[in-house]
file upload-v2.cif (mmCIF, C-alpha atoms)
data_final
loop_
_atom_site.label_atom_id
_atom_site.label_comp_id
_atom_site.auth_asym_id
_atom_site.auth_seq_id
_atom_site.Cartn_x
_atom_site.Cartn_y
_atom_site.Cartn_z
CA MET A 1 4.68 -156.46 -10.56
CA ALA A 2 6.32 -153.57 -12.38
CA LYS A 3 9.13 -154.41 -14.77
CA GLY A 4 10.91 -151.09 -14.47
CA SER A 5 10.77 -147.49 -13.42
CA VAL A 6 11.89 -143.98 -14.34
CA ILE A 7 14.21 -141.46 -12.74
CA VAL A 8 13.42 -137.76 -13.16
CA ARG A 9 15.86 -134.90 -12.66
CA PRO A 10 13.38 -132.09 -11.95
CA GLU A 11 15.96 -129.29 -12.12
CA ARG A 12 16.52 -129.97 -15.85
CA CYS A 13 12.90 -130.46 -16.95
CA LYS A 14 11.22 -127.83 -19.15
CA GLY A 15 7.77 -129.41 -19.06
CA CYS A 16 7.45 -130.14 -22.79
CA ALA A 17 5.44 -133.32 -21.98
CA PHE A 18 6.98 -135.40 -24.80
CA CYS A 19 7.55 -138.22 -22.29
CA VAL A 20 3.95 -138.09 -21.04
CA GLU A 21 2.47 -138.12 -24.55
CA PHE A 22 4.67 -140.80 -26.12
CA CYS A 23 4.95 -143.26 -23.20
CA PRO A 24 3.65 -146.55 -24.70
CA PRO A 25 1.80 -147.76 -21.55
CA ARG A 26 0.98 -144.12 -20.64
CA VAL A 27 2.18 -144.31 -17.06
CA LEU A 28 3.46 -140.72 -16.77
CA ALA A 29 1.59 -137.52 -15.93
CA LEU A 30 2.67 -133.93 -15.37
CA SER A 31 2.69 -133.27 -11.64
CA PRO A 32 0.73 -130.24 -10.38
CA ALA A 33 3.86 -129.05 -8.56
CA PHE A 34 6.46 -126.75 -10.15
CA ASN A 35 10.22 -127.04 -10.34
CA ALA A 36 12.55 -124.11 -9.62
CA LYS A 37 12.05 -122.66 -13.12
CA GLY A 38 8.25 -122.92 -12.95
CA TYR A 39 7.68 -125.95 -15.15
CA HIS A 40 5.47 -128.92 -14.34
CA VAL A 41 7.64 -132.01 -14.02
CA PRO A 42 6.47 -135.53 -15.02
CA GLU A 43 5.85 -138.16 -12.40
CA LEU A 44 4.92 -141.83 -12.44
CA ALA A 45 1.12 -141.83 -12.15
CA ASP A 46 0.76 -145.59 -12.64
CA PRO A 47 4.02 -147.18 -11.46
CA GLU A 48 2.72 -150.75 -11.73
CA LYS A 49 2.48 -150.51 -15.53
CA CYS A 50 5.93 -149.04 -16.21
CA THR A 51 7.99 -151.40 -18.37
CA GLY A 52 11.25 -149.44 -18.12
CA CYS A 53 11.49 -149.24 -21.93
CA ASP A 54 13.40 -145.92 -21.78
CA LEU A 55 11.41 -144.41 -24.66
CA CYS A 56 10.77 -141.40 -22.37
CA GLY A 57 14.55 -141.12 -22.04
CA MET A 58 14.96 -141.08 -25.82
CA TYR A 59 12.29 -138.42 -26.34
CA CYS A 60 13.41 -136.11 -23.54
CA PRO A 61 15.16 -133.08 -25.12
CA ASP A 62 16.65 -132.06 -21.78
CA PHE A 63 18.05 -135.37 -20.53
CA ALA A 64 15.79 -135.03 -17.49
CA ILE A 65 14.14 -138.47 -17.47
CA HIS A 66 15.15 -142.00 -18.29
CA GLY A 67 13.74 -145.45 -17.75
CA PHE A 68 15.46 -148.59 -16.60
CA ARG A 69 14.48 -152.21 -16.12
CA PHE A 70 14.60 -154.09 -12.83
CA PRO A 71 16.74 -157.21 -12.86
CA LYS A 72 14.63 -160.26 -13.57
CA PRO A 73 13.82 -162.21 -10.39
CA ALA A 74 15.40 -165.65 -10.23
CA PRO A 75 12.91 -168.30 -11.34
CA THR A 76 11.42 -170.03 -8.30
CA ALA A 77 11.55 -173.79 -8.24
CA GLY A 78 8.32 -175.76 -8.44
CA MET B 1 2.38 -144.31 -3.16
CA SER B 2 5.72 -142.83 -4.07
CA ALA B 3 5.59 -141.04 -7.36
CA SER B 4 9.20 -140.92 -8.47
CA LEU B 5 10.44 -144.36 -7.54
CA ASN B 6 8.45 -147.47 -8.08
CA PRO B 7 7.16 -149.07 -4.87
CA ALA B 8 6.97 -152.40 -6.68
CA ALA B 9 10.75 -152.38 -7.10
CA PRO B 10 12.76 -155.30 -5.80
CA ALA B 11 14.60 -154.60 -2.54
CA ALA B 12 17.99 -153.97 -4.12
CA PHE B 13 17.83 -152.62 -7.64
CA PRO B 14 20.60 -150.61 -9.26
CA ILE B 15 19.81 -146.93 -9.72
CA CYS B 16 21.42 -146.34 -13.07
CA GLU B 17 22.36 -143.07 -14.69
CA ASN B 18 20.81 -141.75 -17.87
CA PRO B 19 22.74 -143.51 -20.68
CA ALA B 20 23.22 -140.17 -22.45
CA GLU B 21 24.82 -138.60 -19.38
CA GLN B 22 28.32 -139.98 -20.07
CA PHE B 23 28.40 -138.03 -23.35
CA LEU B 24 27.18 -134.73 -21.88
CA ARG B 25 28.96 -131.84 -20.25
CA SER B 26 26.66 -131.91 -17.23
CA ASP B 27 27.91 -128.58 -15.88
CA ARG B 28 26.44 -126.85 -18.94
CA MET B 29 22.95 -128.25 -18.40
CA PRO B 30 20.16 -127.21 -18.67
CA SER B 31 20.63 -126.37 -22.33
CA ILE B 32 19.58 -123.13 -24.00
CA TRP B 33 17.04 -124.97 -26.18
CA CYS B 34 13.43 -123.86 -25.79
CA PRO B 35 10.81 -126.14 -24.21
CA GLY B 36 9.45 -128.35 -26.99
CA CYS B 37 12.53 -128.03 -29.22
CA GLY B 38 13.60 -131.30 -30.81
CA ILE B 39 17.37 -130.81 -30.92
CA GLY B 40 17.89 -132.42 -27.51
CA THR B 41 15.91 -135.45 -28.66
CA THR B 42 18.31 -135.95 -31.57
CA VAL B 43 21.27 -135.63 -29.18
CA ASN B 44 19.68 -138.33 -27.03
CA CYS B 45 19.40 -140.58 -30.09
CA PHE B 46 23.00 -139.82 -31.01
CA ALA B 47 24.29 -140.69 -27.51
CA ARG B 48 22.40 -143.99 -27.57
CA ALA B 49 23.67 -144.74 -31.08
CA LEU B 50 27.25 -144.16 -29.84
CA ILE B 51 26.65 -146.67 -27.04
CA LYS B 52 25.09 -149.24 -29.38
CA THR B 53 27.94 -149.10 -31.88
CA GLY B 54 30.49 -149.51 -29.06
CA ILE B 55 32.75 -146.99 -30.79
CA ASP B 56 35.63 -145.55 -28.71
CA PRO B 57 34.48 -142.03 -27.67
CA LYS B 58 38.11 -140.85 -27.77
CA LYS B 59 38.08 -141.37 -31.53
CA VAL B 60 34.85 -139.49 -32.18
CA VAL B 61 34.98 -135.79 -32.98
CA ILE B 62 31.88 -133.66 -33.27
CA VAL B 63 31.96 -130.50 -35.37
CA SER B 64 29.23 -127.88 -35.35
CA GLY B 65 28.69 -124.55 -37.02
CA ILE B 66 26.62 -121.66 -35.70
CA GLY B 67 22.98 -121.84 -34.68
CA CYS B 68 20.75 -123.58 -32.18
CA THR B 69 21.96 -126.99 -33.35
CA GLY B 70 25.50 -125.60 -33.39
CA ARG B 71 25.39 -125.70 -29.60
CA VAL B 72 25.52 -129.50 -29.69
CA ALA B 73 29.33 -129.47 -29.96
CA GLY B 74 29.46 -127.49 -26.73
CA TYR B 75 27.12 -129.79 -24.83
CA MET B 76 28.69 -133.11 -25.79
CA HIS B 77 31.58 -134.49 -23.77
CA LEU B 78 33.54 -135.51 -26.86
CA ASP B 79 36.36 -133.78 -28.67
CA SER B 80 34.44 -130.99 -30.34
CA PHE B 81 34.82 -128.02 -32.62
CA HIS B 82 32.44 -125.09 -32.65
CA THR B 83 33.35 -123.48 -35.95
CA THR B 84 32.49 -120.36 -37.90
CA HIS B 85 29.13 -120.04 -39.61
CA GLY B 86 28.56 -122.57 -42.36
CA ARG B 87 32.11 -123.89 -42.20
CA ALA B 88 31.59 -127.03 -40.13
CA ILE B 89 32.20 -129.29 -43.15
CA PRO B 90 35.51 -127.65 -44.20
CA PHE B 91 36.82 -127.99 -40.62
CA ALA B 92 35.65 -131.59 -40.50
CA THR B 93 37.25 -132.31 -43.89
CA GLY B 94 40.57 -131.04 -42.59
CA LEU B 95 40.25 -133.16 -39.46
CA LYS B 96 39.45 -136.27 -41.43
CA LEU B 97 42.33 -135.77 -43.87
CA ALA B 98 44.82 -135.03 -41.08
CA ASN B 99 43.78 -138.02 -39.01
CA PRO B 100 41.76 -140.60 -40.97
CA GLY B 101 41.43 -142.79 -37.88
CA LEU B 102 38.87 -140.42 -36.38
CA THR B 103 35.12 -140.74 -36.77
CA VAL B 104 34.15 -137.20 -37.69
CA VAL B 105 30.54 -136.20 -37.09
CA VAL B 106 29.16 -132.89 -38.38
CA TYR B 107 26.17 -131.89 -36.28
CA SER B 108 24.53 -128.70 -37.40
CA GLY B 109 21.33 -127.05 -38.47
CA ASP B 110 19.76 -126.45 -41.86
CA GLY B 111 20.69 -122.77 -41.86
CA ASP B 112 24.32 -123.59 -41.23
CA LEU B 113 24.70 -126.63 -43.48
CA ALA B 114 22.30 -125.90 -46.32
CA SER B 115 22.16 -122.11 -46.57
CA ILE B 116 25.41 -120.50 -45.49
CA GLY B 117 27.45 -123.68 -45.94
CA GLY B 118 25.46 -125.13 -48.84
CA ASN B 119 28.43 -125.04 -51.16
CA HIS B 120 30.55 -127.09 -48.76
CA LEU B 121 27.75 -129.62 -48.30
CA ILE B 122 27.50 -130.23 -52.04
CA HIS B 123 31.23 -130.60 -52.52
CA ALA B 124 31.75 -132.87 -49.51
CA ALA B 125 29.02 -135.12 -50.96
CA ARG B 126 30.63 -134.94 -54.43
CA ARG B 127 34.04 -135.94 -53.08
CA ASN B 128 32.44 -138.56 -50.81
CA ILE B 129 34.54 -137.57 -47.82
CA ASP B 130 34.00 -139.95 -44.91
CA LEU B 131 31.91 -137.57 -42.77
CA LYS B 132 28.74 -138.32 -40.85
CA VAL B 133 26.50 -135.29 -41.30
CA VAL B 134 23.47 -134.85 -39.04
CA CYS B 135 21.34 -131.92 -40.18
CA VAL B 136 18.62 -130.91 -37.73
CA ASN B 137 16.14 -129.14 -39.97
CA ASN B 138 13.66 -126.85 -38.22
CA LEU B 139 12.76 -125.07 -41.47
CA THR B 140 13.89 -121.62 -40.36
CA TYR B 141 16.83 -119.59 -38.98
CA SER B 142 16.04 -120.00 -35.31
CA MET B 143 18.87 -118.39 -33.40
CA THR B 144 18.64 -115.11 -35.30
CA GLY B 145 14.89 -114.68 -34.88
CA GLY B 146 13.09 -116.91 -37.35
CA GLN B 147 13.91 -115.51 -40.79
CA ALA B 148 13.07 -117.40 -43.99
CA ALA B 149 15.80 -119.95 -44.72
CA ALA B 150 16.67 -121.97 -47.80
CA THR B 151 14.57 -124.83 -46.39
CA THR B 152 11.47 -122.81 -45.43
CA PRO B 153 8.46 -124.30 -47.23
CA ARG B 154 6.21 -122.15 -49.42
CA ASP B 155 3.52 -120.09 -47.66
CA ALA B 156 5.29 -120.30 -44.29
CA ILE B 157 5.15 -117.07 -42.32
CA THR B 158 8.51 -116.00 -40.96
CA ALA B 159 10.12 -112.75 -39.79
CA THR B 160 11.19 -111.93 -43.35
CA SER B 161 8.14 -113.35 -45.14
CA PRO B 162 5.12 -111.88 -43.31
CA TYR B 163 2.80 -112.73 -46.24
CA GLY B 164 4.20 -116.22 -46.64
CA ALA B 165 7.39 -117.48 -48.24
CA TYR B 166 7.30 -117.64 -52.03
CA GLU B 167 10.73 -119.12 -52.72
CA PRO B 168 10.84 -122.84 -53.44
CA PRO B 169 12.74 -124.63 -50.65
CA LEU B 170 15.77 -126.85 -50.98
CA ASN B 171 15.08 -130.57 -50.92
CA LEU B 172 18.12 -131.69 -48.96
CA PRO B 173 18.01 -135.50 -49.50
CA HIS B 174 17.62 -134.95 -53.25
CA LEU B 175 20.43 -132.39 -53.29
CA VAL B 176 23.03 -134.49 -51.47
CA ALA B 177 22.04 -137.70 -53.26
CA ALA B 178 22.41 -135.95 -56.63
CA ALA B 179 25.79 -134.59 -55.53
CA GLY B 180 26.95 -138.13 -54.75
CA ALA B 181 26.37 -138.90 -51.06
CA SER B 182 26.67 -142.58 -50.25
CA TYR B 183 24.03 -142.65 -47.50
CA VAL B 184 20.95 -140.43 -47.38
CA SER B 185 18.20 -140.64 -44.81
CA ARG B 186 15.45 -138.44 -43.41
CA TRP B 187 13.48 -138.87 -40.17
CA THR B 188 11.66 -136.60 -37.77
CA THR B 189 12.17 -136.09 -34.05
CA TYR B 190 9.05 -138.20 -33.48
CA HIS B 191 10.80 -141.24 -35.01
CA VAL B 192 13.44 -141.61 -32.31
CA VAL B 193 14.21 -145.31 -32.75
CA GLN B 194 14.57 -144.96 -36.53
CA THR B 195 16.76 -141.87 -36.07
CA MET B 196 18.97 -143.79 -33.66
CA LYS B 197 19.28 -146.72 -36.06
CA ALA B 198 20.13 -144.39 -38.96
CA MET B 199 22.83 -142.78 -36.79
CA GLU B 200 24.18 -146.23 -35.90
CA ARG B 201 24.35 -147.09 -39.59
CA MET B 202 26.15 -143.84 -40.39
CA LEU B 203 28.71 -144.36 -37.63
CA THR B 204 29.59 -147.84 -38.83
CA ARG B 205 29.85 -147.24 -42.58
CA ARG B 206 32.35 -145.42 -44.78
CA GLY B 207 31.65 -142.53 -47.09
CA PHE B 208 29.62 -139.33 -46.96
CA SER B 209 26.52 -140.05 -44.88
CA PHE B 210 23.71 -137.54 -44.53
CA LEU B 211 20.81 -137.67 -42.09
CA GLU B 212 18.16 -134.95 -42.06
CA VAL B 213 16.06 -134.80 -38.91
CA ILE B 214 12.93 -132.64 -39.18
CA SER B 215 12.51 -130.87 -35.84
CA PRO B 216 10.01 -128.42 -34.34
CA CYS B 217 10.91 -124.81 -33.57
CA PRO B 218 7.97 -123.97 -31.29
CA THR B 219 9.18 -120.47 -30.41
CA LEU B 220 9.51 -119.10 -33.94
CA PHE B 221 8.30 -121.34 -36.77
CA GLN B 222 5.37 -123.08 -35.08
CA ARG B 223 4.17 -119.98 -33.21
CA ARG B 224 4.19 -117.69 -36.26
CA ASN B 225 2.40 -120.30 -38.36
CA ARG B 226 -0.09 -121.09 -35.59
CA LEU B 227 0.91 -124.74 -35.48
CA GLY B 228 0.76 -125.03 -31.71
CA ASP B 229 3.65 -125.97 -29.47
CA GLY B 230 6.38 -128.57 -29.70
CA LEU B 231 4.11 -131.37 -28.55
CA ASP B 232 1.44 -130.56 -31.18
CA THR B 233 4.15 -130.62 -33.86
CA MET B 234 5.45 -133.98 -32.67
CA LYS B 235 1.89 -135.35 -32.89
CA SER B 236 1.57 -133.91 -36.41
CA TYR B 237 4.82 -135.69 -37.41
CA LYS B 238 3.20 -138.91 -36.27
CA GLU B 239 0.28 -138.29 -38.65
CA LEU B 240 2.15 -136.68 -41.57
CA GLY B 241 5.21 -138.91 -41.58
CA ALA B 242 5.05 -141.39 -44.47
CA THR B 243 7.81 -144.00 -44.47
CA ARG B 244 8.87 -144.76 -48.06
CA HIS B 245 12.40 -146.09 -48.27
CA ASN B 246 12.39 -146.28 -52.07
CA ALA B 247 10.66 -142.93 -52.63
CA ASN B 248 11.52 -140.83 -55.66
CA LEU B 249 13.88 -138.25 -54.15
CA ALA B 250 12.46 -135.45 -56.31
CA ASP B 251 9.13 -135.81 -54.48
CA LEU B 252 10.59 -135.10 -51.05
CA ASP B 253 9.81 -131.37 -50.95
CA MET B 254 8.59 -130.07 -47.59
CA THR B 255 5.20 -128.34 -47.76
CA MET B 256 3.09 -126.66 -45.10
CA GLY B 257 0.77 -129.32 -43.68
CA GLY B 258 1.66 -131.81 -46.40
CA GLU B 259 3.01 -135.27 -45.82
CA ILE B 260 6.64 -135.67 -44.78
CA VAL B 261 8.25 -138.51 -46.70
CA ILE B 262 10.77 -140.22 -44.44
CA GLY B 263 13.01 -143.24 -44.71
CA ASN B 264 16.50 -144.47 -45.53
CA PHE B 265 16.63 -143.47 -49.18
CA VAL B 266 20.12 -144.10 -50.49
CA GLU B 267 22.82 -146.54 -49.49
CA ARG B 268 25.54 -147.23 -52.03
CA ASP B 269 29.24 -147.96 -51.99
CA ARG B 270 31.48 -145.46 -53.73
CA PRO B 271 35.22 -145.08 -53.11
CA ASP B 272 35.61 -142.28 -50.60
CA TYR B 273 37.96 -139.34 -51.08
CA LEU B 274 40.98 -140.94 -49.42
CA GLU B 275 40.59 -144.27 -51.20
CA ALA B 276 40.15 -142.53 -54.55
CA MET B 277 43.18 -140.30 -53.97
CA GLN B 278 45.44 -143.13 -52.89
CA ALA B 279 44.35 -145.48 -55.68
CA HIS B 280 44.72 -142.81 -58.36
CA LEU B 281 48.11 -141.50 -57.23
CA ARG B 282 49.46 -145.01 -56.74
CA ALA B 283 48.46 -145.89 -60.29
CA GLN B 284 49.94 -142.67 -61.69
CA LEU B 285 53.19 -142.44 -59.73
CA GLN B 286 53.75 -146.14 -59.06
CA GLU B 287 56.95 -146.65 -57.01
CA GLN B 288 57.42 -142.88 -56.62
CA TYR B 289 54.23 -142.64 -54.56
CA VAL B 290 54.71 -142.17 -50.82
CA ASP B 291 51.56 -142.85 -48.83
CA PRO B 292 51.19 -139.95 -46.37
CA TYR B 293 49.13 -142.15 -44.06
CA GLU B 294 51.56 -145.03 -43.85
CA HIS B 295 52.82 -143.98 -40.44
CA ALA B 296 49.75 -142.05 -39.38
CA GLU B 297 48.34 -144.77 -37.15
CA ALA B 298 51.60 -145.27 -35.27
CA GLU B 299 51.95 -141.51 -34.80
CA SER B 300 48.44 -141.04 -33.44
CA ALA B 301 49.02 -143.99 -31.07
CA LEU B 302 52.16 -142.23 -29.82
CA GLU B 303 50.22 -139.06 -29.17
CA LEU B 304 47.61 -140.95 -27.17
CA GLY B 305 50.32 -142.44 -25.00
CA GLU B 306 49.55 -145.99 -26.06
CA LEU B 307 53.11 -146.65 -27.19
CA SER B 308 56.24 -145.76 -25.28
CA CYS B 309 59.02 -143.95 -27.10
CA GLY B 310 61.77 -145.98 -25.34
#

call {"tool": "encode", "arguments": {"input": "upload-v2.cif", "output": "structure tokens"}}
result
Amino acid sequence: MAKGSVIVRPERCKGCAFCVEFCPPRVLALSPAFNAKGYHVPELADPEKCTGCDLCGMYCPDFAIHGFRFPKPAPTAG
Amino acid sequence: MSASLNPAAPAAFPICENPAEQFLRSDRMPSIWCPGCGIGTTVNCFARALIKTGIDPKKVVIVSGIGCTGRVAGYMHLDSFHTTHGRAIPFATGLKLANPGLTVVVYSGDGDLASIGGNHLIHAARRNIDLKVVCVNNLTYSMTGGQAAATTPRDAITATSPYGAYEPPLNLPHLVAAAGASYVSRWTTYHVVQTMKAMERMLTRRGFSFLEVISPCPTLFQRRNRLGDGLDTMKSYKELGATRHNANLADLDMTMGGEIVIGNFVERDRPDYLEAMQAHLRAQLQEQYVDPYEHAEAESALELGELSCG
């Protein structure tokens, strides 16, 4: 089960691909679609492997992507 | 399978905002910075460093000069000054002396801080004024069209050096350390976590702190020198960056294609300008000395509405 996910704001993205290149588990890819300004926006290509580490959020020069972690599920008894 | 949101998410998970968003003027986004420029990355690190230190944003002031990095003051939702060219440090010095309770951050580029305002940089470091200086160094004058700057390495092709630059560049960490800075550090935009930690350290310590962040300028510097785009430059920083915290500062010159020595080079305690002034005048004037800052904290609290005048 995935530990986290990312949120993309496509209208801000300039398609520099820093997030795609420097994602540690390499779960992002540039989508073939364009945003309003004609840039390819990143998308989660492998959502199961996303750890929500937010390194994409730190690299993004346009504040267009960030990662977050899901709350940990309560430990099941037995 | 949904691409943007994770299908493996638990049923109710909080959709959180970008942590940097609270420090941005969202109505001014998207920024003017080119695709692949590293300035936004440093702003991201700065916003996260502000969160980590838990510092009150109302007491942080950001001062910028002119240039691409000079736009940072306009994009950050903090009290900010966008000053005249090269004069960010004099403005910040005045702010700090008028209200020592503020955390004053100078956020500007190499052209503004080291070339046009180089004199101010040296003297602020000499006096050890409690400023936190972030210098985003993209090795050229970007906003005016990519001319050779004081930090342009030898053999770099720019608008004013079509056959390669022949002037030796300034070595900023060496310069400010020699002038007396109490914290000197250099990282690149590839080293985001280290940059954030250096910013955290600067925000929590006293004295003149200087951080140089080497950043790509894909539109002018990288294109003219055929170094690829912003992403290629970031990958080259990964290969060329050599972390040496105790490096000899004289060896930190930037060269074309040579290694980039990075690290936290200097951290020392020196009395800052205010401490030195107060201690000296108190010793000289003794009971005649009136501390101008004695009531400063109460006055600034009054202005913020924290105390009632009743």

call {"tool": "closest_residue", "arguments": {"input": "upload-v2.cif", "among": "B:Pro173, B:Gly111, B:Gly230, B:Gly164", "to": "Gly36 (chain B)", "atoms": "all atoms listed in the file"}}
result
B:Gly230

call {"tool": "atom_distance", "arguments": {"input": "upload-v2.cif", "atom1": "CA of Asp232 (chain B)", "atom2": "CA of Lys14 (chain A)"}}
result
15.7 Å

call {"tool": "closest_atom_pairs", "arguments": {"input": "upload-v2.cif", "of": "region 193-245 of chain B", "to": "region 65-80 of chain B", "cutoff": "12 Å", "atoms": "only C-alpha atoms", "output": "tab-separated table"}}
result
residue	atom	partner	partner_atom	distance
B:Val213	CA	B:Thr69	CA	11.3
B:Ser215	CA	B:Thr69	CA	10.5
B:Pro216	CA	B:Cys68	CA	12.0
B:Cys217	CA	B:Cys68	CA	10.0

call {"tool": "atom_distance", "arguments": {"input": "upload-v2.cif", "atom1": "CA of Ala198 (chain B)", "atom2": "CA of Asn138 (chain B)"}}
result
18.7 Å

call {"tool": "atom_distance", "arguments": {"input": "upload-v2.cif", "atom1": "CA of Asn246 (chain B)", "atom2": "CA of Ser185 (chain B)"}}
result
10.9 Å

call {"tool": "closest_residue", "arguments": {"input": "upload-v2.cif", "among": "A:Cys23, A:Cys16, A:Cys50, A:Leu55", "to": "chain B", "atoms": "all atoms listed in the file"}}
result
A:Cys16

call {"tool": "residues_near_point", "arguments": {"input": "upload-v2.cif", "point": "(9.6, -142.0, -50.6)", "cutoff": "9 Å", "atoms": "only C-alpha atoms", "output": "MDAnalysis selection string"}}
result
chainID B and resid 242:249 251:252 261:265

call {"tool": "closest_residue", "arguments": {"input": "upload-v2.cif", "among": "A:Pro10, A:Pro32, A:Pro25, A:Gly15", "to": "chain B", "atoms": "only C-alpha atoms"}}
result
A:Gly15

call {"tool": "residues_around", "arguments": {"input": "upload-v2.cif", "residues": "region 277-286 of chain B", "least_positions_apart": "4", "cutoff": "12 Å", "atoms": "only C-alpha atoms", "output": "MDAnalysis selection string"}}
result
chainID B and resid 97 127:129 271:273 290:294

call {"tool": "resolve_selection", "arguments": {"input": "upload-v2.cif", "expression": "the PyMOL selection byres ((chain A) within 6 of (chain B))", "output": "mmCIF file with C-alpha atoms, in the coordinates of the input"}}
result
data_model
loop_
_atom_site.group_PDB
_atom_site.id
_atom_site.type_symbol
_atom_site.label_atom_id
_atom_site.label_comp_id
_atom_site.auth_asym_id
_atom_site.auth_seq_id
_atom_site.Cartn_x
_atom_site.Cartn_y
_atom_site.Cartn_z
ATOM 1 C CA ALA A 2 6.320 -153.570 -12.380
ATOM 2 C CA SER A 5 10.770 -147.490 -13.420
ATOM 3 C CA ARG A 12 16.520 -129.970 -15.850
ATOM 4 C CA LYS A 14 11.220 -127.830 -19.150
ATOM 5 C CA CYS A 16 7.450 -130.140 -22.790
ATOM 6 C CA GLU A 43 5.850 -138.160 -12.400
ATOM 7 C CA LEU A 44 4.920 -141.830 -12.440
ATOM 8 C CA PRO A 47 4.020 -147.180 -11.460
ATOM 9 C CA MET A 58 14.960 -141.080 -25.820
ATOM 10 C CA TYR A 59 12.290 -138.420 -26.340
ATOM 11 C CA CYS A 60 13.410 -136.110 -23.540
ATOM 12 C CA PRO A 61 15.160 -133.080 -25.120
ATOM 13 C CA ASP A 62 16.650 -132.060 -21.780
ATOM 14 C CA HIS A 66 15.150 -142.000 -18.290
#

call {"tool": "resolve_selection", "arguments": {"input": "upload-v2.cif", "expression": "the PyMOL selection byres ((chain A and resi 41) around 9)", "output": "JSON, numbers by chain"}}
result
{"A": [8, 9, 10, 11, 13, 14, 15, 16, 17, 29, 30, 31, 32, 33, 34, 35, 39, 40, 42, 43]}

call {"tool": "axis_aligned_box", "arguments": {"input": "upload-v2.cif", "around": "region 60-72 of chain B", "padding_each_side": "3 Å", "output": "lines of an AutoDock Vina configuration file"}}
result
center_x = 27.9
center_y = -130.6
center_z = -33.3
size_x = 20.2
size_y = 23.8
size_z = 13.4

call {"tool": "resolve_selection", "arguments": {"input": "upload-v2.cif", "expression": "the PyMOL selection byres ((chain B and resi 151) around 9)", "output": "list of chain:residue names"}}
result
B:Asp110, B:Gly111, B:Ala114, B:Ser115, B:Asn137, B:Asn138, B:Leu139, B:Thr140, B:Ala148, B:Ala149, B:Ala150, B:Thr152, B:Pro153, B:Pro168, B:Pro169, B:Leu170, B:Asn171, B:Leu172, B:Met254

call {"tool": "closest_residue", "arguments": {"input": "upload-v2.cif", "among": "A:Gly57, A:Glu21, A:Met1, A:Val6", "to": "Arg69 (chain A)", "atoms": "all atoms listed in the file"}}
result
A:Val6

call {"tool": "residues_around", "arguments": {"input": "upload-v2.cif", "residues": "Asn119 (chain B)", "least_positions_apart": "4", "cutoff": "12 Å", "atoms": "only C-alpha atoms", "output": "short mmCIF file (atom, residue, chain, number, x, y, z; two decimals) with C-alpha atoms, in the frame of the given file"}}
result
data_model
loop_
_atom_site.label_atom_id
_atom_site.label_comp_id
_atom_site.auth_asym_id
_atom_site.auth_seq_id
_atom_site.Cartn_x
_atom_site.Cartn_y
_atom_site.Cartn_z
CA GLY B 86 28.56 -122.57 -42.36
CA ARG B 87 32.11 -123.89 -42.20
CA ALA B 88 31.59 -127.03 -40.13
CA ILE B 89 32.20 -129.29 -43.15
CA PRO B 90 35.51 -127.65 -44.20
CA ASP B 112 24.32 -123.59 -41.23
CA LEU B 113 24.70 -126.63 -43.48
CA ALA B 114 22.30 -125.90 -46.32
CA SER B 115 22.16 -122.11 -46.57
CA HIS B 123 31.23 -130.60 -52.52
CA ALA B 124 31.75 -132.87 -49.51
CA ALA B 125 29.02 -135.12 -50.96
CA ARG B 126 30.63 -134.94 -54.43
CA LEU B 175 20.43 -132.39 -53.29
CA VAL B 176 23.03 -134.49 -51.47
CA ALA B 179 25.79 -134.59 -55.53
#
